[in-house]
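**Q** What follows is target_24.tsv; its format and atoms are TSV, C-alpha atoms.
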chain	number	residue	atom	x	y	z
N	207	MET	CA	124.65	45.25	-63.97
N	208	ILE	CA	124.31	47.59	-60.96
N	209	GLU	CA	127.74	46.56	-59.72
N	210	ASN	CA	129.26	47.43	-63.11
N	211	TRP	CA	127.67	50.87	-63.07
N	212	LEU	CA	128.88	51.59	-59.53
N	213	LEU	CA	132.38	50.37	-60.36
N	214	GLU	CA	132.50	52.49	-63.51
N	215	LEU	CA	131.28	55.53	-61.56
N	216	LEU	CA	134.06	55.05	-58.99
N	217	TRP	CA	136.59	54.88	-61.82
N	218	ALA	CA	135.12	58.12	-63.22
N	219	VAL	CA	135.62	59.88	-59.88
N	220	GLY	CA	139.18	58.60	-59.72
N	221	ARG	CA	139.91	59.89	-63.23
N	222	PHE	CA	138.56	63.28	-62.16
N	223	PHE	CA	141.17	63.70	-59.41
N	224	ILE	CA	144.09	62.70	-61.63
N	225	HIS	CA	143.10	65.06	-64.44
N	226	PRO	CA	145.99	67.48	-65.17
N	227	LEU	CA	143.69	70.50	-65.50
N	228	PHE	CA	142.47	70.02	-61.93
N	229	TYR	CA	145.99	70.78	-60.65
N	230	LEU	CA	147.06	73.16	-63.39
N	231	PHE	CA	144.33	75.59	-62.42
N	232	PHE	CA	145.43	75.43	-58.79
N	233	LEU	CA	148.65	77.03	-59.96
N	234	LEU	CA	147.00	79.42	-62.40
N	235	THR	CA	144.48	80.73	-59.87
N	236	LEU	CA	147.28	81.28	-57.36
N	237	ALA	CA	149.07	83.31	-60.04
N	238	TYR	CA	145.91	85.35	-60.71
N	239	GLY	CA	145.65	86.01	-56.98
N	240	TYR	CA	149.30	87.06	-56.75
N	241	PHE	CA	148.96	89.63	-59.54
N	242	ARG	CA	145.68	90.92	-58.07
N	243	VAL	CA	147.25	91.46	-54.65
N	244	LYS	CA	150.19	93.32	-56.20
N	245	ARG	CA	147.80	95.62	-58.07
N	246	GLU	CA	145.72	96.29	-54.96
N	247	ARG	CA	148.82	97.09	-52.90
N	248	ARG	CA	149.94	99.61	-55.54
N	249	SER	CA	146.56	101.30	-55.30
N	250	PHE	CA	145.77	101.12	-51.58
N	251	HIS	CA	148.96	99.94	-49.83
N	252	THR	CA	146.99	96.93	-48.64
N	253	ARG	CA	145.37	93.88	-50.19
N	254	VAL	CA	141.59	93.60	-50.28
N	255	ARG	CA	141.29	89.81	-50.25
N	256	ASP	CA	143.86	87.10	-49.67
N	257	LEU	CA	145.98	85.32	-52.24
N	258	TYR	CA	143.69	82.27	-52.29
N	259	ASP	CA	140.42	84.04	-53.07
N	260	GLU	CA	140.47	83.14	-56.78
N	261	MET	CA	141.27	79.51	-56.03
N	262	LYS	CA	138.46	79.19	-53.47
N	263	PHE	CA	136.04	80.81	-55.92
N	264	THR	CA	137.09	78.53	-58.80
N	265	TYR	CA	136.63	75.30	-56.90
N	266	THR	CA	133.31	76.08	-55.20
N	267	LYS	CA	131.06	78.27	-57.34
N	268	GLY	CA	130.68	75.97	-60.35
N	269	ILE	CA	130.14	72.61	-58.67
N	270	LEU	CA	126.32	72.73	-58.57
N	271	ALA	CA	126.09	73.98	-62.16
N	272	GLY	CA	128.42	71.18	-63.28
N	273	LEU	CA	126.36	68.51	-61.53
N	274	ILE	CA	123.12	69.79	-63.07
N	275	LEU	CA	124.70	69.93	-66.52
N	276	SER	CA	126.10	66.41	-66.04
N	277	ILE	CA	122.58	65.12	-65.34
N	278	ILE	CA	121.37	66.78	-68.55
N	279	LEU	CA	124.24	65.32	-70.59
N	280	PHE	CA	123.66	61.90	-69.07
N	281	ALA	CA	119.88	62.07	-69.63
N	282	VAL	CA	120.15	62.83	-73.35
N	283	GLY	CA	123.03	60.40	-73.79
N	284	LEU	CA	125.36	62.97	-75.32
N	285	SER	CA	128.75	61.36	-75.86
N	286	LEU	CA	132.15	62.43	-77.15
N	287	PRO	CA	135.17	60.34	-78.07
N	288	PHE	CA	138.11	60.34	-75.69
N	289	GLY	CA	140.31	62.15	-78.22
N	290	ALA	CA	137.94	65.12	-78.50
N	291	ILE	CA	137.86	65.52	-74.71
N	292	VAL	CA	141.66	65.36	-74.52
N	293	LEU	CA	142.02	67.92	-77.34
N	294	CYS	CA	139.60	70.27	-75.54
N	295	ALA	CA	141.69	69.92	-72.36
N	296	ILE	CA	144.85	70.82	-74.31
N	297	VAL	CA	143.15	73.90	-75.79
N	298	THR	CA	141.96	74.94	-72.32
N	299	ALA	CA	145.46	74.55	-70.86
N	300	VAL	CA	147.06	76.61	-73.64
N	301	ILE	CA	144.50	79.40	-73.21
N	302	GLY	CA	144.98	79.28	-69.43
N	303	PHE	CA	148.69	80.01	-69.80
N	304	THR	CA	147.87	83.21	-71.73
N	305	PHE	CA	146.22	84.63	-68.56
N	306	GLN	CA	143.39	85.96	-70.77
N	307	LEU	CA	140.41	84.64	-68.84
N	308	ARG	CA	137.82	85.83	-71.33
N	309	TRP	CA	139.22	83.32	-73.84
N	310	LEU	CA	138.28	80.52	-71.43
N	311	SER	CA	134.66	80.98	-72.44
N	312	ALA	CA	133.15	77.75	-73.74
N	313	ALA	CA	132.54	79.57	-77.01
N	314	PHE	CA	136.31	79.58	-77.58
N	315	THR	CA	137.52	76.39	-75.87
N	316	ILE	CA	134.84	74.22	-77.49
N	317	GLY	CA	134.82	76.35	-80.66
N	318	LEU	CA	138.57	76.02	-81.25
N	319	THR	CA	138.35	72.28	-80.56
N	320	PHE	CA	135.44	71.99	-82.99
N	321	PHE	CA	137.18	73.76	-85.87
N	322	ALA	CA	140.53	72.09	-85.17
N	323	ILE	CA	138.88	68.70	-85.62
N	324	SER	CA	136.92	69.82	-88.66
N	325	ILE	CA	139.93	71.10	-90.61
N	326	LEU	CA	142.08	68.00	-89.96
N	327	PRO	CA	142.25	65.84	-93.09
N	328	MET	CA	140.85	62.36	-92.57
N	329	GLU	CA	144.30	60.78	-92.97
N	330	SER	CA	145.80	63.09	-90.32
N	331	ALA	CA	142.89	62.53	-87.94
N	332	GLU	CA	143.39	58.77	-88.17
N	333	LYS	CA	147.10	59.20	-87.37
N	334	PHE	CA	146.20	61.20	-84.26
N	335	ASP	CA	143.88	58.38	-83.16
N	336	SER	CA	146.81	56.58	-81.56
N	337	PHE	CA	146.98	59.42	-78.98
N	338	LEU	CA	143.64	61.21	-79.37
N	339	ILE	CA	141.55	58.05	-79.43
N	340	GLY	CA	138.47	58.27	-81.63
N	341	LEU	CA	139.12	61.86	-82.74
N	342	SER	CA	138.15	61.10	-86.34
N	343	GLU	CA	134.76	59.81	-85.10
N	344	THR	CA	133.78	63.05	-83.34
N	345	ASN	CA	130.12	63.89	-83.81
N	346	PHE	CA	129.95	67.63	-84.61
N	347	THR	CA	126.31	67.82	-83.58
N	348	SER	CA	127.21	66.51	-80.10
N	349	LEU	CA	130.06	68.99	-79.81
N	350	SER	CA	127.93	71.98	-80.86
N	351	ILE	CA	125.11	71.01	-78.48
N	352	LEU	CA	127.66	70.74	-75.67
N	353	ALA	CA	128.92	74.23	-76.56
N	354	GLY	CA	125.40	75.65	-76.43
N	355	LEU	CA	124.73	74.10	-73.02
N	356	LEU	CA	128.06	75.32	-71.64
N	357	ILE	CA	127.60	78.89	-72.94
N	358	LEU	CA	124.14	78.94	-71.38
N	359	THR	CA	125.63	77.70	-68.09
N	360	GLU	CA	128.41	80.29	-68.38
N	361	GLY	CA	125.84	83.08	-68.69
N	362	VAL	CA	123.99	81.87	-65.59
N	363	LEU	CA	127.23	81.72	-63.58
N	364	ILE	CA	128.22	85.21	-64.73
N	365	PHE	CA	124.82	86.58	-63.74
N	366	ARG	CA	124.74	84.89	-60.34
N	367	THR	CA	128.34	84.92	-59.11
N	368	ALA	CA	130.80	86.92	-61.27
N	369	HIS	CA	130.02	90.19	-59.47
N	370	GLN	CA	131.10	88.73	-56.12
N	371	HIS	CA	134.50	89.82	-54.75
N	372	THR	CA	135.39	92.07	-57.67
N	373	SER	CA	138.81	93.66	-57.24
N	374	PRO	CA	139.00	97.47	-56.90
N	375	TYR	CA	142.04	99.42	-58.02
N	376	ILE	CA	143.05	102.88	-59.18
N	377	LYS	CA	143.96	103.92	-62.70
N	378	THR	CA	144.71	107.29	-64.25
N	379	SER	CA	142.23	108.82	-66.68
N	380	THR	CA	143.21	110.55	-69.93
N	381	ARG	CA	143.00	113.83	-68.02
N	382	GLY	CA	145.54	112.61	-65.48
N	383	LEU	CA	143.02	112.16	-62.65
N	384	PRO	CA	142.74	109.02	-60.52
N	385	ILE	CA	139.58	106.99	-61.09
N	386	GLY	CA	138.33	103.85	-59.41
N	387	THR	CA	137.90	100.66	-61.40
N	388	HIS	CA	136.57	97.22	-60.56
N	389	GLU	CA	137.79	94.08	-62.27
N	390	ALA	CA	136.25	90.63	-62.25
N	391	ASN	CA	138.68	87.81	-63.06
N	392	ARG	CA	136.72	84.62	-62.61
N	393	THR	CA	137.13	80.93	-63.34
N	394	TRP	CA	134.65	78.18	-62.55
N	395	MET	CA	135.33	74.46	-62.40
N	396	LEU	CA	132.42	72.34	-63.60
N	397	PRO	CA	132.56	68.59	-62.89
N	398	LEU	CA	131.14	67.14	-66.13
N	399	LEU	CA	130.17	63.50	-66.60
N	400	PHE	CA	130.61	62.26	-70.17
N	401	LEU	CA	129.73	59.06	-71.98
N	402	VAL	CA	132.80	57.96	-73.92
N	403	PRO	CA	132.46	55.25	-76.60
N	404	GLY	CA	134.72	52.27	-76.03
N	405	GLY	CA	134.04	51.33	-72.39
N	406	ASP	CA	132.90	48.05	-70.89
N	407	LEU	CA	129.28	49.04	-70.32
N	408	THR	CA	126.50	48.77	-72.87
N	409	SER	CA	123.21	50.62	-73.06
N	410	THR	CA	119.92	48.80	-72.51
N	411	LEU	CA	118.05	51.57	-74.36
N	412	SER	CA	117.96	51.51	-78.15
N	413	TRP	CA	118.03	55.30	-78.42
N	414	TRP	CA	120.96	55.80	-76.05
N	415	PRO	CA	123.32	57.43	-76.90
N	416	VAL	CA	121.18	59.57	-79.18
N	417	LEU	CA	123.95	61.58	-80.78
N	418	SER	CA	126.55	58.87	-81.31
N	419	ILE	CA	126.68	55.39	-82.79
N	420	GLY	CA	123.87	53.49	-81.10
N	421	GLY	CA	124.67	50.25	-79.30
N	422	GLN	CA	128.40	51.01	-78.84
N	423	PRO	CA	130.00	50.27	-75.48
N	424	PHE	CA	131.04	53.33	-73.52
N	425	LEU	CA	132.73	54.36	-70.29
N	426	LEU	CA	131.95	57.16	-67.84
N	427	LEU	CA	134.43	60.02	-67.69
N	428	LEU	CA	134.15	62.74	-65.05
N	429	ILE	CA	136.34	65.70	-65.98
N	430	PRO	CA	136.98	69.19	-64.53
N	431	PHE	CA	135.83	71.63	-67.21
N	432	PHE	CA	136.92	75.22	-66.69
N	433	LEU	CA	135.09	78.39	-67.72
N	434	GLY	CA	136.63	81.84	-67.51
N	435	PHE	CA	135.40	85.41	-67.40
N	436	HIS	CA	137.00	88.83	-67.36
N	437	GLN	CA	135.35	92.24	-67.18
N	438	ARG	CA	136.62	95.67	-66.19
N	439	VAL	CA	134.02	98.14	-64.91
N	440	GLN	CA	134.62	101.85	-64.41
N	441	GLY	CA	131.56	103.58	-65.86
N	442	SER	CA	128.86	101.88	-63.77
N	443	MET	CA	128.25	99.68	-60.76
N	444	PRO	CA	129.98	96.28	-61.10
N	445	LEU	CA	126.85	94.39	-60.07
N	446	GLU	CA	124.68	96.00	-62.75
N	447	SER	CA	127.24	95.85	-65.56
N	448	ILE	CA	128.24	92.23	-64.96
N	449	LYS	CA	124.63	91.05	-64.69
N	450	VAL	CA	123.86	92.66	-68.05
N	451	THR	CA	126.77	90.74	-69.56
N	452	GLY	CA	125.47	87.54	-67.98
N	453	LYS	CA	122.03	88.00	-69.55
N	454	ARG	CA	123.59	88.56	-72.97
N	455	VAL	CA	125.67	85.40	-72.66
N	456	VAL	CA	122.58	83.42	-71.64
N	457	TRP	CA	120.78	84.53	-74.80
N	458	LEU	CA	123.84	83.67	-76.89
N	459	GLY	CA	123.81	80.21	-75.31
N	460	VAL	CA	120.12	79.73	-76.11
N	461	MET	CA	120.69	80.77	-79.73
N	462	THR	CA	123.71	78.48	-80.08
N	463	LEU	CA	121.84	75.56	-78.55
N	464	LEU	CA	118.81	75.95	-80.84
N	465	ILE	CA	120.99	76.07	-83.94
N	466	ALA	CA	123.02	73.10	-82.67
N	467	VAL	CA	119.87	71.01	-82.12
N	468	SER	CA	118.77	71.76	-85.69
N	469	SER	CA	122.04	70.20	-86.88
N	470	ILE	CA	120.58	66.78	-85.98
N	471	TRP	CA	118.68	67.10	-89.24
N	472	PHE	CA	120.98	69.54	-91.06
N	473	THR	CA	124.64	68.89	-90.17
N	474	PRO	CA	126.07	72.22	-91.50
N	475	ALA	CA	124.00	74.01	-88.84
N	476	ALA	CA	126.55	72.78	-86.25
N	477	PHE	CA	129.27	74.81	-87.99
N	478	ILE	CA	126.99	77.84	-88.24
N	479	GLY	CA	126.15	77.60	-84.53
N	480	MET	CA	129.78	77.39	-83.45
N	481	PHE	CA	130.75	80.33	-85.67
N	482	ILE	CA	127.93	82.44	-84.21
N	483	ALA	CA	128.96	81.42	-80.68
N	484	MET	CA	132.57	82.57	-81.13
N	485	ILE	CA	131.72	85.81	-82.93
N	486	GLY	CA	128.82	86.55	-80.57
N	487	ARG	CA	130.87	86.03	-77.43
N	488	GLU	CA	133.58	88.41	-78.62
N	489	PHE	CA	130.95	90.94	-79.72
N	490	ILE	CA	129.43	90.90	-76.20
N	491	THR	CA	132.85	91.66	-74.70
N	492	ILE	CA	133.63	94.47	-77.14
N	493	ARG	CA	130.18	96.04	-76.74
N	494	GLN	CA	130.46	96.03	-72.95
N	495	ARG	CA	133.91	97.60	-73.11
N	496	ILE	CA	132.80	100.35	-75.49
N	497	ASN	CA	129.73	101.15	-73.38
N	498	ASP	CA	131.78	101.26	-70.19
N	499	ASP	CA	134.55	103.42	-71.69
N	500	SER	CA	132.05	105.91	-73.11
N	501	ALA	CA	130.16	106.33	-69.82
N	502	ALA	CA	131.06	108.90	-67.19
N	503	PHE	CA	133.42	107.55	-64.54
N	504	TYR	CA	131.35	106.12	-61.70
N	505	PHE	CA	134.10	105.85	-59.07
N	506	SER	CA	135.72	109.27	-59.08
N	507	LYS	CA	136.28	112.21	-56.76
N	508	ARG	CA	133.01	114.02	-55.98
N	509	ASP	CA	132.37	117.59	-54.85
N	510	HIS	CA	130.23	116.34	-51.97
N	511	GLY	CA	130.75	113.17	-50.01
N	512	LEU	CA	133.02	110.21	-50.57
N	513	MET	CA	132.21	107.39	-53.00
N	514	ILE	CA	132.91	103.92	-51.57
N	515	LEU	CA	135.21	102.09	-53.99
N	516	GLY	CA	135.85	99.01	-51.88
N	517	ILE	CA	135.47	97.50	-48.42
N	518	LEU	CA	138.03	95.36	-46.62
N	519	PRO	CA	136.72	91.95	-45.46
N	520	GLN	CA	135.95	91.56	-41.74
N	521	SER	CA	136.33	95.31	-41.22
N	522	PRO	CA	133.94	97.55	-39.25
N	523	ALA	CA	132.66	98.91	-42.59
N	524	GLU	CA	131.61	95.42	-43.70
N	525	LYS	CA	129.97	94.73	-40.35
N	526	MET	CA	128.04	98.01	-40.68
N	527	GLY	CA	126.59	96.80	-43.99
N	528	LEU	CA	128.20	99.45	-46.18
N	529	GLN	CA	128.12	98.73	-49.90
N	530	VAL	CA	130.42	99.54	-52.81
N	531	GLY	CA	128.98	102.49	-54.75
N	532	GLU	CA	127.31	104.18	-51.79
N	533	MET	CA	128.24	107.77	-50.80
N	534	VAL	CA	129.42	108.69	-47.32
N	535	MET	CA	128.06	112.20	-46.67
N	536	LYS	CA	128.53	112.70	-42.91
N	537	VAL	CA	130.53	111.05	-40.15
N	538	ASN	CA	129.45	111.64	-36.55
N	539	GLY	CA	127.40	114.60	-37.78
N	540	TYR	CA	130.24	116.26	-39.74
N	541	SER	CA	130.10	116.63	-43.53
N	542	VAL	CA	133.06	115.01	-45.29
N	543	LYS	CA	134.46	115.25	-48.80
N	544	SER	CA	138.03	114.03	-48.24
N	545	VAL	CA	139.77	111.21	-46.40
N	546	GLU	CA	141.35	113.70	-44.00
N	547	GLU	CA	137.95	115.15	-43.03
N	548	LEU	CA	136.53	111.65	-42.56
N	549	TYR	CA	139.41	110.63	-40.30
N	550	GLN	CA	139.10	113.82	-38.27
N	551	ALA	CA	135.37	113.21	-37.83
N	552	LEU	CA	136.05	109.68	-36.61
N	553	GLN	CA	138.29	111.09	-33.86
N	554	LYS	CA	135.35	113.05	-32.43
N	555	ASN	CA	134.14	109.82	-30.87
N	556	SER	CA	136.65	106.96	-30.76
N	557	ALA	CA	134.13	104.50	-29.28
N	558	PHE	CA	131.19	105.05	-31.65
N	559	CYS	CA	130.68	105.82	-35.31
N	560	LYS	CA	127.56	107.08	-37.07
N	561	LEU	CA	127.54	107.51	-40.86
N	562	GLU	CA	125.03	109.27	-43.08
N	563	ILE	CA	124.92	107.37	-46.38
N	564	ILE	CA	123.28	107.99	-49.76
N	565	ASP	CA	122.38	104.57	-51.16
N	566	PHE	CA	121.96	103.36	-54.75
N	567	ASN	CA	118.44	104.80	-54.94
N	568	GLY	CA	119.58	108.26	-53.88
N	569	GLU	CA	117.94	107.89	-50.48
N	570	ILE	CA	119.59	108.77	-47.18
N	571	ARG	CA	120.17	106.03	-44.64
N	572	PHE	CA	122.21	105.81	-41.44
N	573	ALA	CA	124.75	103.21	-40.37
N	574	GLN	CA	126.11	103.17	-36.87
N	575	ARG	CA	128.19	100.89	-34.73
N	576	ALA	CA	130.30	100.85	-31.59
N	577	LEU	CA	134.05	100.66	-32.19
N	578	TYR	CA	135.98	98.23	-30.00
N	579	ASP	CA	139.59	97.88	-28.93
N	580	GLY	CA	141.48	95.30	-30.96
N	581	GLU	CA	139.44	95.92	-34.11
N	582	HIS	CA	140.84	97.40	-37.28
N	583	HIS	CA	141.85	100.91	-36.19
N	584	GLU	CA	140.28	102.26	-39.39
N	585	LEU	CA	136.84	101.58	-40.81
N	586	GLY	CA	138.22	99.60	-43.76
N	587	ILE	CA	136.70	101.69	-46.57
N	588	LEU	CA	138.59	102.26	-49.83
N	589	PHE	CA	138.12	105.61	-51.55
N	590	VAL	CA	139.46	107.43	-54.57
N	591	GLU	CA	141.40	110.21	-52.89
N	592	ASP	CA	142.34	113.20	-55.04
N	593	ASP	CA	145.31	114.77	-53.26
N	594	LYS	CA	148.51	116.39	-54.41
N	595	LYS	CA	150.23	113.09	-55.12
N	596	TRP	CA	147.16	111.45	-56.69
N	597	GLU	CA	147.38	108.77	-54.01
N	598	THR	CA	144.68	106.59	-52.51
N	599	GLU	CA	144.27	105.42	-48.99
N	600	ALA	CA	142.31	102.88	-47.00
N	601	VAL	CA	140.33	104.58	-44.27
Write out the structure in this file as structure tokens.
**A**
Amino acid sequence: MIENWLLELLWAVGRFFIHPLFYLFFLLTLAYGYFRVKRERRSFHTRVRDLYDEMKFTYTKGILAGLILSIILFAVGLSLPFGAIVLCAIVTAVIGFTFQLRWLSAAFTIGLTFFAISILPMESAEKFDSFLIGLSETNFTSLSILAGLLILTEGVLIFRTAHQHTSPYIKTSTRGLPIGTHEANRTWMLPLLFLVPGGDLTSTLSWWPVLSIGGQPFLLLLIPFFLGFHQRVQGSMPLESIKVTGKRVVWLGVMTLLIAVSSIWFTPAAFIGMFIAMIGREFITIRQRINDDSAAFYFSKRDHGLMILGILPQSPAEKMGLQVGEMVMKVNGYSVKSVEELYQALQKNSAFCKLEIIDFNGEIRFAQRALYDGEHHELGILFVEDDKKWETEAV
């Protein structure tokens, strides 16, 4: 018995690495990186992070969450037919090609799969069974519970990681002034382990799988499940705004999951839960966008000091611990309110730099560091610079 389980697990890992989505999102994340770099070069004449940043983020940040969720799915015995998993992969691929990452939320990928299966007539579903094996036997309660768990996981990932490496760029306000904006385009790959009816293994527990036909043989299927997230922030700090969105998505996931669990006893609740998930996820996005657009521009030209819009990786600014959203008030003892004044102040001492900073709490702190030959000849700070040509520069 143990040998069968180990062999089936090895097959599951092998299926994971031949899954088309695993390689499709290599290409898509490279495309996201390419467009990001182009936008950053238009704004600052330099890229902030390399072309592969999105790809590295996608294939590292969601692994732990996927493993934890797999343990939960395996523990409760939640299973889906092979056809439903394949249909969900097709929906994910189609959405991926639209380059609209917010539609890669589990609320939409699972939701569209759910309603696509539900509206198929029984005769049509049976015809699809030759390709989408077992599609007509999909358990809607299982699918809605999976959606609730994935939305909850999505919220946690947004809260913990989506604010990392946001991309700064410059846009023009309705008044024709340059303003700084941060954008988070994120995808996470979750390795999910599913029980699929029809394998060579059988359960020794009478209640397992709980949400499918008990006693059926099943196989183990490890798949790369992709979640996506997009948010543009211009009226507040990216960290604060994105974390608020993450909390809202977590609560949406909890609500969806509770309604989905109730569908064990009342099947129509699964449809209600999925509808609420899709509407609720879009409402969260629209509400965030309205709140951000109505707020005063956070990254804009100030009368005193220079607001830090971005920091180049491995630059002296990063090594000095400067943070996006802080205000540079003085450089080497000289007050600055433009890039030219900052650069002139830096020339006062080419071997040492001392900055007076106003942090997020409005308190003054100092950052200082020796400058060495061979380092970036500029500090590596990105500002919104309001000059005659409305240009921006990296200092």
**Q** Which of these residues is nearest to Ala576 in chain N, using all atoms listed in the file: N:Ala218, N:Val542, N:Leu326, N:Ala523?
**A**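 Ranked by minimum distance to Ala576 in chain N, first place goes to N:Ala523.
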**Q** Under the rule that all atoms listed in the file are counted, which of N:Thr387, N:Thr344, N:Gln370, N:Gln437 is the nearest residue to Arg245 in chain N?
**A** N:Thr387
**Q** In Å, with one decimal, what is the gap from CA of Phe314 in chain N to CA of Ile357 in chain N?
**A**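 For CA of Phe314 in chain N relative to CA of Ile357 in chain N, the distance reads 9.9 Å.
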**Q** Might you pull out every residue within 8 Å of Gln494 in chain N, with all atoms listed in the file counted and same-chain residues fewer than 4 positions away left off, and present them as a PDB file with C-alpha atoms, in the coordinates of the input?
**A**
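So part_0.pdb came out as:
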ATOM      1  CA  THR N 451     126.770  90.740 -69.560  1.00  0.00           C
ATOM      2  CA  ILE N 490     129.430  90.900 -76.200  1.00  0.00           C
ATOM      3  CA  ASP N 498     131.780 101.260 -70.190  1.00  0.00           C
TER       4      ASP N 498
END
**Q** Would you kindly return, as a list of chain:residue names, each protein, DNA or RNA residue with an atom no farther than 8 Å from any atom of Ile364 in chain N, considering all atoms listed in the file and excluding same-chain residues fewer than 2 positions away?
**A**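 Contacts, in chain order: N:Glu360, N:Gly361, N:Val362, N:Arg366, N:Thr367, N:Ala368, N:His369, N:Phe435, N:Ile448, N:Lys449, N:Thr451, N:Gly452.
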**Q** What's the separation between CA of Tyr265 in chain N and CA of Met395 in chain N, in Å to one decimal place?
**A**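 Calculated distance between CA of Tyr265 in chain N and CA of Met395 in chain N is 5.7 Å.
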**Q** Which one is closest to Thr393 in chain N: N:Leu428, N:Leu293, N:Leu236, N:Ala502? Count only C-alpha atoms.
**A**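 Between N:Leu428, N:Leu293, N:Leu236, N:Ala502, the residue approaching Thr393 in chain N most closely is N:Leu236.
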**Q** Restricting the calculation to all atoms listed in the file: of N:Ile470, N:Leu213, N:Phe222, N:Met443, which residue gets closest to Ala501 in chain N?
**A** N:Met443
**Q** Might you pull out every residue within 8 Å of range 534-538 of chain N, with all atoms listed in the file counted and same-chain residues fewer than 2 positions away left off, and present them as an NGL selection string?
**A** :N and (510-514 or 532 or 540-543 or 548 or 551-552 or 554-555 or 559-564)
**Q** Please report the interatomic distance between CA of Pro403 in chain N and CA of Phe432 in chain N in Å with one decimal.
**A**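 Separation of CA of Pro403 in chain N and CA of Phe432 in chain N: 22.7 Å.
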**Q** Which is closest to Phe481 in chain N among N:Tyr229, N:Phe305, N:Phe572, N:Phe321, if we use all atoms listed in the file?
**A**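 Among the listed residues, the smallest separation from Phe481 in chain N belongs to N:Phe321.
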**Q** I want to know what sits within 9 Å of Met461 in chain N, based on only C-alpha atoms, with residues of the same chain fewer than 5 positions away left out; could you give that as a list in words?
**A**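 After dropping sequence-adjacent residues, the list is Gly354, Val456, Ala466, Gly479, Ile482 and Ala483 of chain N.
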**Q** Might you pull out every residue within 9 Å of Leu275 in chain N, with all atoms listed in the file counted and same-chain residues fewer than 5 positions away left off, and present them as a list in words?
**A**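 Residues meeting the cut-off are Leu270, Phe280, Leu355, Leu356, Thr359, Leu396, Pro397, Leu398 and Leu399 of chain N.
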**Q** Between N:Arg487, N:His225, N:Lys507, N:Arg242, which residue has the minimum interatomic distance to Leu383 in chain N, considering all atoms listed in the file?
**A**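 Among N:Arg487, N:His225, N:Lys507, N:Arg242, it is N:Lys507 that comes nearest to Leu383 in chain N.
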**Q** Go ahead and fit an axis-aligned box to every listed atom of range 344-352 of chain N plus 8 Å each side, and pass me the centre and edge lengths in Å, one decimal, as JSON.
**A**
{"center_x": 129.4, "center_y": 67.5, "center_z": -80.1, "size_x": 24.7, "size_y": 24.9, "size_z": 24.9}
**Q** Counting only C-alpha atoms, I want the residues whose atoms come within 10 Å of (129.8, 95.4, -46.9) in the file frame, returned as a ChimeraX atom specification.
**A** /N:516-530,586-587
**Q** With all atoms listed in the file counted, which protein, DNA or RNA residues have an atom no more than 12 Å from (149.5, 95.1, -54.1) in the file frame? Please answer as a PyMOL selection string.
**A** chain N and resi 239-257+373-376
